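Novice: Sharing my_file.txt here; it has compact mmCIF, C-alpha atoms.
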# COMPACT_ATOMS: atom_id res chain seq x y z
CA MET A 255 16.08 -18.27 -54.38
CA ASN A 256 14.34 -16.93 -57.45
CA PRO A 257 16.74 -14.38 -59.05
CA TYR A 258 14.11 -11.64 -59.27
CA LYS A 259 12.96 -12.17 -55.70
CA SER A 260 16.61 -12.12 -54.60
CA TYR A 261 17.23 -8.84 -56.41
CA LEU A 262 14.11 -7.25 -54.94
CA SER A 263 14.94 -8.50 -51.43
CA SER A 264 18.30 -6.77 -51.67
CA HIS A 265 16.57 -3.46 -52.49
CA THR A 266 13.80 -3.43 -49.87
CA GLU A 267 14.93 -0.18 -48.24
CA THR A 268 14.90 1.69 -51.54
CA ILE A 269 11.52 0.18 -52.41
CA LYS A 270 10.15 1.24 -49.03
CA ASP A 271 11.46 4.77 -49.53
CA ASP A 272 9.64 4.94 -52.87
CA LEU A 273 6.44 3.63 -51.30
CA LEU A 274 6.50 6.04 -48.38
CA THR A 275 7.09 8.90 -50.81
CA LEU A 276 3.96 7.95 -52.73
CA ILE A 277 1.85 7.53 -49.60
CA ARG A 278 2.92 10.91 -48.22
CA ALA A 279 1.87 12.44 -51.54
CA GLN A 280 -1.81 12.31 -50.61
CA SER A 281 -4.04 12.16 -53.66
CA PRO A 282 -7.79 12.37 -52.95
CA SER A 283 -9.64 11.88 -56.24
CA HIS A 284 -11.48 15.22 -56.13
CA ASN A 285 -8.37 17.32 -55.48
CA LYS A 286 -6.76 17.78 -58.90
CA SER A 287 -3.81 19.76 -57.58
CA LEU A 288 -2.77 17.09 -55.07
CA VAL A 289 -3.40 14.22 -57.47
CA ASP A 290 -1.20 15.88 -60.08
CA GLN A 291 1.54 16.47 -57.49
CA CYS A 292 1.44 12.76 -56.65
CA GLY A 293 1.57 11.96 -60.37
CA ASN A 294 4.67 14.09 -60.77
CA LEU A 295 6.41 12.21 -57.93
CA LEU A 296 5.39 8.92 -59.50
CA LYS A 297 6.84 10.05 -62.80
CA GLU A 298 10.14 10.90 -61.06
CA ILE A 299 10.30 7.50 -59.37
CA PHE A 300 9.55 5.75 -62.66
CA GLN A 301 12.27 7.60 -64.55
CA LYS A 302 14.75 7.02 -61.74
CA ARG A 303 14.17 3.27 -61.48
CA LEU A 304 13.80 2.10 -65.08
CA THR A 305 16.39 2.18 -67.83
CA GLY A 306 15.93 2.53 -71.57
CA SER A 307 14.15 4.99 -73.80
CA TRP A 308 10.49 5.46 -72.90
CA ASN A 309 7.72 7.24 -74.75
CA TYR A 310 5.86 9.42 -72.28
CA GLU A 311 2.31 10.62 -72.93
CA VAL A 312 0.13 12.73 -70.66
CA PHE A 313 -3.64 12.95 -70.90
CA GLU A 314 -4.52 16.31 -69.39
CA GLN A 315 -7.82 16.78 -67.58
CA GLN A 316 -9.69 19.85 -66.41
CA GLU A 317 -11.32 18.57 -63.24
CA THR A 318 -9.56 15.33 -62.30
CA GLY A 319 -5.87 14.57 -62.12
CA ASN A 320 -3.97 13.96 -65.34
CA HIS A 321 -3.49 10.40 -66.57
CA PHE A 322 -0.17 9.40 -68.12
CA SER A 323 1.59 6.48 -69.75
CA PHE A 324 5.08 5.18 -70.44
CA GLU A 325 5.91 2.75 -73.23
CA LEU A 326 9.35 1.27 -73.82
CA GLU A 327 10.65 2.03 -77.29
CA ASP A 328 11.13 -1.30 -79.06
CA SER A 329 10.76 -2.04 -82.76
CA GLY A 330 10.43 -5.80 -82.26
CA SER A 331 7.20 -7.78 -82.66
CA LYS A 332 7.09 -8.81 -79.03
CA PRO A 333 4.00 -9.25 -76.88
CA ARG A 334 2.87 -6.00 -75.30
CA ILE A 335 1.92 -6.03 -71.62
CA LEU A 336 -0.17 -3.23 -70.11
CA PHE A 337 0.41 -2.55 -66.42
CA LEU A 338 -2.78 -0.84 -65.32
CA SER A 339 -2.84 1.22 -62.10
CA HIS A 340 -4.47 4.25 -60.52
CA PHE A 341 -2.91 6.65 -58.03
CA ASP A 342 -5.95 8.52 -56.75
CA THR A 343 -7.41 7.48 -53.39
CA VAL A 344 -10.71 7.74 -51.51
CA TRP A 345 -9.10 9.56 -48.59
CA ASP A 346 -9.41 13.25 -47.77
CA VAL A 347 -6.20 14.97 -46.70
CA ASP A 348 -4.93 13.70 -43.32
CA ALA A 349 -7.96 11.44 -42.88
CA ILE A 350 -5.73 8.57 -41.73
CA PRO A 351 -2.06 8.60 -40.70
CA LEU A 352 0.96 6.93 -42.24
CA VAL A 353 2.19 4.38 -39.68
CA GLU A 354 4.67 1.51 -39.71
CA LYS A 355 3.90 -1.40 -37.36
CA GLY A 356 6.40 -4.21 -37.64
CA ASP A 357 6.22 -5.54 -41.20
CA ASP A 358 2.96 -3.68 -41.93
CA ILE A 359 2.58 -0.21 -43.42
CA TYR A 360 -0.66 1.70 -42.80
CA GLY A 361 -1.71 4.77 -44.74
CA PRO A 362 -4.03 6.34 -47.30
CA GLY A 363 -4.01 4.36 -50.52
CA VAL A 364 -1.19 2.02 -49.56
CA PHE A 365 -3.29 -1.10 -50.20
CA ASP A 366 -5.55 0.43 -52.83
CA MET A 367 -3.29 0.72 -54.67
CA LYS A 368 0.01 2.54 -54.39
CA ALA A 369 1.97 -0.53 -53.28
CA GLY A 370 0.66 -2.54 -56.22
CA LEU A 371 1.39 0.31 -58.60
CA LEU A 372 4.96 0.50 -57.35
CA SER A 373 5.43 -3.26 -57.59
CA SER A 374 4.83 -3.14 -61.35
CA VAL A 375 7.67 -0.65 -61.72
CA TRP A 376 10.03 -2.70 -59.58
CA ALA A 377 9.05 -5.93 -61.34
CA VAL A 378 10.31 -4.49 -64.63
CA ARG A 379 13.34 -3.06 -62.82
CA SER A 380 14.22 -6.55 -61.56
CA LEU A 381 13.94 -7.96 -65.08
CA GLN A 382 16.12 -5.21 -66.50
CA SER A 383 18.74 -6.02 -63.85
CA GLN A 384 19.00 -9.63 -65.00
CA LEU A 385 18.28 -9.58 -68.74
CA ASP A 386 20.02 -7.91 -71.66
CA GLU A 387 16.68 -7.47 -73.41
CA LEU A 388 13.09 -7.83 -72.26
CA PRO A 389 11.06 -10.48 -74.16
CA PHE A 390 8.02 -8.21 -74.11
CA ILE A 391 7.19 -4.52 -74.48
CA PRO A 392 6.03 -2.95 -71.20
CA VAL A 393 3.30 -0.31 -71.36
CA PHE A 394 2.40 1.50 -68.12
CA LEU A 395 -0.81 3.45 -67.69
CA PHE A 396 -1.34 5.43 -64.49
CA THR A 397 -4.82 6.90 -64.06
CA ALA A 398 -6.18 9.48 -61.65
CA ASP A 399 -9.94 8.95 -61.34
CA GLU A 400 -10.59 5.25 -60.71
CA GLU A 401 -12.08 5.83 -57.27
CA ILE A 402 -14.74 8.12 -58.74
CA GLY A 403 -15.77 5.91 -61.63
CA SER A 404 -13.00 6.29 -64.26
CA LYS A 405 -15.18 8.60 -66.32
CA THR A 406 -12.27 10.54 -67.83
CA SER A 407 -9.84 7.62 -68.03
CA ARG A 408 -12.01 4.87 -69.51
CA ALA A 409 -11.43 5.89 -73.12
CA VAL A 410 -7.67 6.12 -72.50
CA ILE A 411 -7.65 2.71 -70.81
CA GLU A 412 -9.51 1.11 -73.69
CA GLN A 413 -7.29 2.83 -76.24
CA LYS A 414 -4.09 1.56 -74.61
CA ALA A 415 -5.44 -1.91 -73.89
CA ALA A 416 -6.49 -2.40 -77.50
CA THR A 417 -2.80 -2.25 -78.51
CA CYS A 418 -1.70 -4.86 -75.97
CA ASP A 419 -1.62 -8.65 -75.68
CA ALA A 420 -2.23 -8.85 -71.93
CA VAL A 421 -3.32 -6.57 -69.11
CA LEU A 422 -2.01 -6.90 -65.56
CA VAL A 423 -4.18 -4.95 -63.12
CA MET A 424 -2.22 -3.95 -60.03
CA GLU A 425 -5.20 -3.80 -57.68
CA PRO A 426 -4.73 -5.64 -54.35
CA PRO A 427 -5.36 -9.40 -54.04
CA VAL A 428 -8.15 -10.94 -51.97
CA PHE A 429 -7.64 -10.46 -48.23
CA GLY A 430 -6.53 -13.59 -46.39
CA SER A 431 -6.06 -15.96 -49.33
CA ASN A 432 -4.07 -13.43 -51.41
CA ALA A 433 -5.91 -14.86 -54.41
CA LEU A 434 -5.84 -13.18 -57.80
CA LYS A 435 -9.13 -11.90 -59.14
CA THR A 436 -10.26 -13.75 -62.24
CA GLU A 437 -13.87 -12.57 -62.02
CA ARG A 438 -15.37 -9.26 -60.96
CA LYS A 439 -18.95 -8.13 -60.84
CA GLY A 440 -20.21 -5.50 -63.21
CA VAL A 441 -21.38 -2.29 -61.58
CA GLY A 442 -24.42 -0.23 -62.53
CA ARG A 443 -25.31 3.22 -61.16
CA TYR A 444 -28.74 4.80 -61.60
CA THR A 445 -30.66 7.74 -60.13
CA LEU A 446 -34.43 7.49 -59.79
CA LYS A 447 -36.28 10.83 -59.49
CA VAL A 448 -39.93 11.12 -58.52
CA LYS A 449 -42.10 14.16 -59.13
CA GLY A 450 -45.25 14.54 -57.05
CA VAL A 451 -47.57 17.40 -56.13
CA SER A 452 -46.99 19.52 -53.05
CA ALA A 453 -49.81 20.39 -50.67
CA HIS A 454 -50.36 21.49 -47.09
CA ALA A 455 -50.02 18.39 -44.93
CA GLY A 456 -52.94 19.43 -42.71
CA ASN A 457 -55.40 21.49 -44.70
CA HIS A 458 -55.08 19.93 -48.16
CA HIS A 459 -53.36 16.58 -47.69
CA GLU A 460 -55.74 14.91 -50.13
CA ASP A 461 -54.65 17.28 -52.88
CA GLY A 462 -51.01 16.25 -52.64
CA VAL A 463 -49.11 13.45 -54.35
CA SER A 464 -46.27 12.40 -52.11
CA ALA A 465 -43.04 11.87 -54.02
CA ILE A 466 -41.51 10.36 -50.89
CA LEU A 467 -44.30 7.77 -50.58
CA GLU A 468 -43.96 6.85 -54.25
CA LEU A 469 -40.19 6.55 -53.88
CA ALA A 470 -40.53 4.40 -50.75
CA GLN A 471 -42.84 2.00 -52.56
CA GLN A 472 -40.49 1.84 -55.55
CA ILE A 473 -37.54 1.10 -53.26
CA ILE A 474 -39.33 -1.85 -51.66
CA GLU A 475 -39.85 -3.38 -55.10
CA LEU A 476 -36.33 -2.55 -56.32
CA GLU A 477 -34.66 -4.19 -53.34
CA LYS A 478 -36.43 -7.44 -54.27
CA LEU A 479 -34.16 -7.65 -57.32
CA THR A 480 -31.33 -8.78 -55.04
CA ASP A 481 -30.80 -12.49 -55.67
CA TYR A 482 -27.94 -14.07 -53.76
CA GLU A 483 -28.13 -17.31 -55.74
CA LYS A 484 -27.46 -15.35 -58.91
CA GLU A 485 -24.94 -13.18 -57.01
CA THR A 486 -26.98 -10.15 -58.01
CA THR A 487 -27.32 -7.30 -55.55
CA LEU A 488 -29.20 -4.04 -55.75
CA ASN A 489 -28.75 -1.38 -53.12
CA VAL A 490 -30.52 1.95 -52.70
CA GLY A 491 -27.77 3.76 -50.85
CA VAL A 492 -28.87 7.41 -50.86
CA ILE A 493 -32.34 8.96 -50.71
CA LYS A 494 -33.35 12.62 -50.75
CA GLY A 495 -36.71 14.34 -50.73
CA GLY A 496 -39.15 16.82 -49.27
CA THR A 497 -38.82 20.33 -47.95
CA SER A 498 -40.67 20.36 -44.63
CA SER A 499 -42.58 17.95 -42.42
CA ASN A 500 -45.81 19.91 -42.94
CA VAL A 501 -45.65 19.77 -46.74
CA VAL A 502 -46.55 16.81 -48.92
CA SER A 503 -43.31 16.25 -50.82
CA ALA A 504 -43.22 17.26 -54.47
CA ALA A 505 -39.84 15.70 -55.24
CA ALA A 506 -37.67 12.81 -54.07
CA GLU A 507 -34.82 10.79 -55.50
CA ALA A 508 -32.71 7.73 -54.84
CA GLU A 509 -29.25 6.61 -55.90
CA ILE A 510 -29.11 2.97 -56.93
CA ASP A 511 -26.13 0.62 -57.14
CA PHE A 512 -26.39 -2.86 -58.64
CA ARG A 513 -23.82 -5.62 -59.09
CA VAL A 514 -24.03 -8.54 -61.52
CA THR A 515 -21.79 -11.36 -62.70
CA SER A 516 -22.84 -11.51 -66.35
CA TYR A 517 -23.88 -9.33 -69.25
CA ASP A 518 -27.21 -11.16 -69.48
CA GLU A 519 -28.04 -10.33 -65.89
CA ALA A 520 -26.96 -6.73 -66.41
CA ASP A 521 -29.33 -6.46 -69.37
CA ARG A 522 -32.17 -7.88 -67.27
CA ILE A 523 -31.68 -5.40 -64.42
CA ILE A 524 -31.22 -2.46 -66.78
CA HIS A 525 -34.43 -3.34 -68.63
CA ILE A 526 -36.37 -3.36 -65.37
CA LEU A 527 -34.88 -0.07 -64.17
CA GLU A 528 -35.39 1.76 -67.44
CA ASN A 529 -39.03 0.65 -67.68
CA LEU A 530 -40.24 1.48 -64.17
CA LYS A 531 -43.85 2.67 -63.92
CA PRO A 532 -45.30 4.83 -61.15
CA ILE A 533 -47.39 3.03 -58.55
CA ASN A 534 -49.44 6.19 -58.07
CA LYS A 535 -50.41 7.22 -61.57
CA ALA A 536 -50.43 10.86 -60.50
CA ALA A 537 -46.66 10.71 -59.85
CA THR A 538 -44.03 10.79 -62.60
CA LEU A 539 -40.72 8.97 -62.71
CA SER A 540 -37.45 9.65 -64.45
CA ILE A 541 -34.41 7.40 -64.27
CA THR A 542 -30.92 7.93 -65.57
CA GLY A 543 -27.75 5.89 -65.35
CA GLU A 544 -25.68 3.20 -66.97
CA LEU A 545 -23.66 0.06 -66.51
CA ASN A 546 -20.58 1.88 -65.19
CA ARG A 547 -18.30 -1.16 -65.39
CA PRO A 548 -19.11 -4.32 -67.37
CA PRO A 549 -18.55 -7.68 -65.64
CA LEU A 550 -15.06 -9.16 -65.74
CA GLU A 551 -15.95 -12.71 -66.71
CA LYS A 552 -13.61 -15.69 -66.62
CA ASN A 553 -13.43 -16.26 -70.34
CA ASP A 554 -10.91 -18.47 -72.13
CA ALA A 555 -8.41 -15.66 -72.68
CA ASN A 556 -8.44 -14.65 -69.02
CA ALA A 557 -8.24 -18.28 -67.89
CA LYS A 558 -5.13 -18.85 -70.01
CA LEU A 559 -3.46 -15.79 -68.54
CA TYR A 560 -4.30 -17.02 -65.06
CA GLN A 561 -2.64 -20.37 -65.84
CA LYS A 562 0.50 -18.48 -66.81
CA ALA A 563 0.39 -16.87 -63.36
CA VAL A 564 0.13 -20.33 -61.76
CA THR A 565 3.22 -21.46 -63.67
CA ALA A 566 5.03 -18.24 -62.75
CA GLY A 567 4.08 -18.63 -59.10
CA ALA A 568 5.69 -22.06 -58.93
CA ARG A 569 9.01 -20.52 -59.92
CA VAL A 570 8.74 -18.00 -57.09
CA GLY A 571 7.42 -20.47 -54.52
CA ILE A 572 3.87 -19.07 -54.41
CA GLU A 573 0.75 -21.21 -54.73
CA VAL A 574 -1.33 -18.91 -56.89
CA LYS A 575 -5.08 -19.01 -56.21
CA GLU A 576 -8.07 -17.35 -57.85
CA ALA A 577 -11.29 -15.82 -56.56
CA LYS A 578 -14.30 -13.70 -57.48
CA ALA A 579 -14.62 -10.09 -56.33
CA GLY A 580 -17.80 -8.09 -55.79
CA GLY A 581 -16.24 -4.75 -56.64
CA GLY A 582 -15.30 -3.53 -60.08
CA SER A 583 -11.96 -2.23 -61.38
CA ASP A 584 -10.53 -0.82 -64.57
CA GLY A 585 -9.78 -4.42 -65.54
CA ASN A 586 -13.51 -4.79 -66.23
CA PHE A 587 -13.07 -2.44 -69.19
CA THR A 588 -10.08 -4.23 -70.70
CA SER A 589 -11.56 -7.70 -70.31
CA SER A 590 -14.75 -6.58 -72.05
CA LEU A 591 -12.60 -5.72 -75.09
CA GLY A 592 -11.39 -9.31 -75.26
CA ILE A 593 -7.88 -8.49 -74.03
CA PRO A 594 -6.56 -11.18 -71.64
CA THR A 595 -6.80 -9.55 -68.21
CA LEU A 596 -5.60 -10.62 -64.77
CA ASP A 597 -6.50 -8.61 -61.67
CA GLY A 598 -5.46 -8.55 -58.02
CA LEU A 599 -1.72 -8.56 -58.64
CA GLY A 600 -0.90 -6.00 -55.95
CA ILE A 601 0.60 -6.45 -52.50
CA PRO A 602 -1.25 -8.42 -49.78
CA GLY A 603 -2.86 -6.51 -46.94
CA ASP A 604 -6.31 -5.42 -45.85
CA GLY A 605 -8.64 -2.48 -45.34
CA PRO A 606 -9.42 -0.94 -48.72
CA HIS A 607 -11.38 2.27 -48.07
CA ALA A 608 -11.15 1.58 -44.31
CA ILE A 609 -9.20 3.28 -41.54
CA HIS A 610 -7.08 0.15 -41.03
CA GLU A 611 -5.88 0.13 -44.66
CA HIS A 612 -2.44 -1.50 -44.74
CA ILE A 613 -0.10 -3.84 -46.59
CA HIS A 614 2.25 -6.58 -45.43
CA PHE A 615 5.49 -5.11 -46.69
CA ASP A 616 7.39 -8.34 -46.00
CA HIS A 617 5.41 -9.88 -48.91
CA PHE A 618 6.52 -7.21 -51.38
CA SER A 619 9.56 -8.98 -52.84
CA GLU A 620 7.89 -12.30 -53.60
CA ARG A 621 4.68 -10.78 -54.96
CA CYS A 622 6.70 -8.40 -57.10
CA ALA A 623 8.80 -11.33 -58.36
CA LEU A 624 5.54 -13.04 -59.31
CA ILE A 625 4.83 -10.12 -61.66
CA SER A 626 8.30 -10.50 -63.16
CA GLU A 627 7.76 -14.18 -63.83
CA ILE A 628 4.27 -13.63 -65.30
CA CYS A 629 5.83 -11.16 -67.73
CA LEU A 630 8.32 -13.80 -68.81
CA GLU A 631 5.51 -16.29 -69.37
CA VAL A 632 3.60 -13.81 -71.51
CA GLY A 633 6.84 -12.99 -73.32
CA LYS A 634 6.96 -16.55 -74.64
CA GLU A 635 3.84 -15.91 -76.71
CA GLU A 636 3.71 -14.38 -80.15
CA SER A 637 2.30 -10.87 -80.44
CA ARG A 638 -1.34 -10.63 -81.60
For the structure just supplied, provide its representation as structure tokens.
Specialist:
Amino acid sequence: MNPYKSYLSSHTETIKDDLLTLIRAQSPSHNKSLVDQCGNLLKEIFQKRLTGSWNYEVFEQQETGNHFSFELEDSGSKPRILFLSHFDTVWDVDAIPLVEKGDDIYGPGVFDMKAGLLSSVWAVRSLQSQLDELPFIPVFLFTADEEIGSKTSRAVIEQKAATCDAVLVMEPPVFGSNALKTERKGVGRYTLKVKGVSAHAGNHHEDGVSAILELAQQIIELEKLTDYEKETTLNVGVIKGGTSSNVVSAAAEAEIDFRVTSYDEADRIIHILENLKPINKAATLSITGELNRPPLEKNDANAKLYQKAVTAGARVGIEVKEAKAGGGSDGNFTSSLGIPTLDGLGIPGDGPHAIHEHIHFDHFSERCALISEICLEVGKEESR
């Protein structure tokens, strides 16, 4: 058996205790107090499991949880590997229970992504148990606002990634195939606001300019931008408007989400959105937003890192596969900087953001050993 998988298999009860501790520390993104409590527990687990002298840095936030990093002190010119994880979740307190069913563990954030986060820690632990010295410098970044757009963590992520030679994103793999994610769509978020003219719906209907009607007509045109052949989707997911059924609406707005596979396609959609014209010239439009996450494209650097994972998988007994993902992650940011990035390295399971969220805990040891072996492959390279 692979030595790292063997070590991890012999510590499954301790690993499970760590994981259950993190799941019980519920961490809904919008609750700073609870997210920070979870972060403190994560810090304790990290310091308990890993040896050596680590530089600890905290990035304090006012509204979201604090982000923090650990970097092993090492003066050598070794490759630097960033383990990128978030510990906030989409779940309100007690929204779903923590349950063990056979080899599966259900609970808030277990799949997305506390199990993957923990596996990065234990992967380095397994290497430290077998090696006198690591052939790379591990850098861990734990963020607290990924589920709400990474607005406060993006700069920190990009700052840390810029110092590293590879980024391993501990998000979960693709359900079913357990494939790693070598491509992710870029994500854009816009808000379209329409201003009309209010009027009495019975006595002076002709004097009004319906913001709702204008918005409805705009939505019909916007939805036509979805092109499945290009893998482009645009969704108007939230609409608001009007004050009363007997008043021609003076204001309405829509929240828009679009997904694209390339920068060129992102530019095309953004150009259309930012140059919308009113269908009724008496209405006025305003639109705000941005490309929240750039596409994670399968460039040469990412492809080479994926091939290292294939080689590493053979040593663990895993046939490593790759796939595209429609959702974005913090890996989109690091890849856009040109840093080799590999995503989907977490623990297999299913149900991200769903009430059946769970992992297959019996896969933990081998998937964690895969991380260990990928690190050794990266460690063979010279530092940038």
Novice: Could you tell me which of A:Arg522, A:Lys405, A:Lys562, A:His284 comes closest to Asn546 of chain A if we count all atoms listed in the file?
Specialist: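 Smallest separation from Asn546 of chain A among the options: A:Lys405.
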Novice: Residues of segment 405-459 of chain A that approach segment 358-382 of chain A to 8 Å or less, counting all atoms listed in the file: could you list each one with the shortest pair of atoms and its distance in Å to one decimal, rows by chain and increasing residue number, as JSON lines?
Specialist:
{"residue": "A:Met424", "atom": "CA", "partner": "A:Gly370", "partner_atom": "CA", "distance": 5.0}
{"residue": "A:Glu425", "atom": "CA", "partner": "A:Met367", "partner_atom": "CA", "distance": 5.8}
{"residue": "A:Pro426", "atom": "CA", "partner": "A:Asp366", "partner_atom": "CA", "distance": 6.3}
Novice: Can you work out which one of A:Ser431, A:Thr397, A:Ser404, A:Ser503 has the shortest atom-to-atom distance to Arg547 of chain A, counting all atoms listed in the file?
Specialist: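 Checking each of A:Ser431, A:Thr397, A:Ser404, A:Ser503 against Arg547 of chain A, counting all atoms listed in the file, the winner is A:Ser404.
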Novice: Using all atoms listed in the file, which of A:Val289, A:Ser383, A:Glu544, A:Gln561 sits nearest Thr305 of chain A?
Specialist: A:Ser383
Novice: For atom CA of Asp616 of chain A and atom CA of Val570 of chain A, determine how far apart the two atoms are, in Å to one decimal place.
Specialist: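 Result for atom CA of Asp616 of chain A versus atom CA of Val570 of chain A: 14.8 Å, one decimal.
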Novice: Name the closest residue to Pro351 of chain A among the candidates A:Val463, A:Ala398, A:Ile609, A:Val441; distances are taken between atoms, counting only C-alpha atoms.
Specialist: A:Ile609
Novice: So, counting all atoms listed in the file, which residue among A:Gly496, A:Pro548, A:Pro282, A:Gly430 is closest to Asp518 of chain A?
Specialist: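 Answer, going by the shortest atom-to-atom distance: A:Pro548.
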Novice: For Ala465 of chain A, work out the shell of residues within 6 Å, counting only C-alpha atoms and skipping chain neighbours fewer than 5 positions away, then give it as a ChimeraX atom specification.
Specialist: /A:448-450,503-506
Novice: Counting all atoms listed in the file, figure out which residue out of A:Cys292, A:Leu559, A:Leu469, A:Leu591 gets nearest to Lys531 of chain A.
Specialist: A:Leu469
Novice: Could you write out as AutoDock Vina command-line options the box around segment 459-467 of chain A (axis-aligned, all atoms listed in the file, 4 Å on each side), with centre and edge lengths in Å to one decimal?
Specialist:
--center_x -48.6 --center_y 12.5 --center_z -51.0 --size_x 22.2 --size_y 17.5 --size_z 14.7
Novice: Suppose you want the space between atom CA of Asn432 of chain A and atom CA of Leu304 of chain A; what is it in Å?
Specialist: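 A separation of 27.3 Å between them.
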Novice: So how far away is atom CA of Ser452 of chain A from atom CA of Glu468 of chain A, in Å?
Specialist: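 We find that atom CA of Glu468 of chain A and atom CA of Ser452 of chain A lie 13.1 Å from each other.
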Novice: I'd like the neighbourhood of Asn285 of chain A as a list in words, where a residue qualifies if any of its atoms comes within 10 Å (using only C-alpha atoms), though same-chain residues fewer than 5 positions away should be ignored.
Specialist: Gln280, Asp290, Glu317, Thr318, Gly319, Asp342, Asp346 and Val347 of chain A
Novice: Store the residues of this selection in a file with C-alpha atoms, as a CSV table (one decimal), in the coordinates of the input.
Specialist:
chain,number,residue,atom,x,y,z
A,280,GLN,CA,-1.8,12.3,-50.6
A,290,ASP,CA,-1.2,15.9,-60.1
A,317,GLU,CA,-11.3,18.6,-63.2
A,318,THR,CA,-9.6,15.3,-62.3
A,319,GLY,CA,-5.9,14.6,-62.1
A,342,ASP,CA,-6.0,8.5,-56.8
A,346,ASP,CA,-9.4,13.2,-47.8
A,347,VAL,CA,-6.2,15.0,-46.7
Novice: Please, which residues in segment 380-491 of chain A fall within 8 Å of segment 574-588 of chain A when counting only C-alpha atoms, and what is the closest atom pair and distance in Å to one decimal for each, ordered by chain then residue number, as a Markdown table?
Specialist:
| residue | atom | partner | partner_atom | distance |
| --- | --- | --- | --- | --- |
| A:Glu400 | CA | A:Asp584 | CA | 7.2 |
| A:Ser404 | CA | A:Asp584 | CA | 7.5 |
| A:Arg408 | CA | A:Phe587 | CA | 7.4 |
| A:Ile411 | CA | A:Thr588 | CA | 7.4 |
| A:Glu412 | CA | A:Thr588 | CA | 6.1 |
| A:Ala415 | CA | A:Thr588 | CA | 6.1 |
| A:Ala416 | CA | A:Thr588 | CA | 7.9 |
| A:Val421 | CA | A:Thr588 | CA | 7.3 |
| A:Val423 | CA | A:Gly585 | CA | 6.1 |
| A:Glu425 | CA | A:Ser583 | CA | 7.9 |
| A:Val428 | CA | A:Ala577 | CA | 7.4 |
| A:Ser431 | CA | A:Lys575 | CA | 7.6 |
| A:Asn432 | CA | A:Lys575 | CA | 7.4 |
| A:Ala433 | CA | A:Lys575 | CA | 4.6 |
| A:Leu434 | CA | A:Glu576 | CA | 4.7 |
| A:Lys435 | CA | A:Ala577 | CA | 5.2 |
| A:Thr436 | CA | A:Glu576 | CA | 6.1 |
| A:Glu437 | CA | A:Lys578 | CA | 4.7 |
| A:Arg438 | CA | A:Ala579 | CA | 4.8 |
| A:Lys439 | CA | A:Gly580 | CA | 5.2 |
| A:Gly440 | CA | A:Gly582 | CA | 6.1 |
| A:Val441 | CA | A:Gly582 | CA | 6.4 |
Novice: Can you tell me, as a list in words, what residues are no more than 6 Å from Ser619 of chain A when counting only C-alpha atoms, ignoring any on the same chain fewer than 3 positions away?
Specialist: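 Final neighbour list, sorted by chain and number: Lys259, Leu262, Ser263 and Cys622 of chain A.
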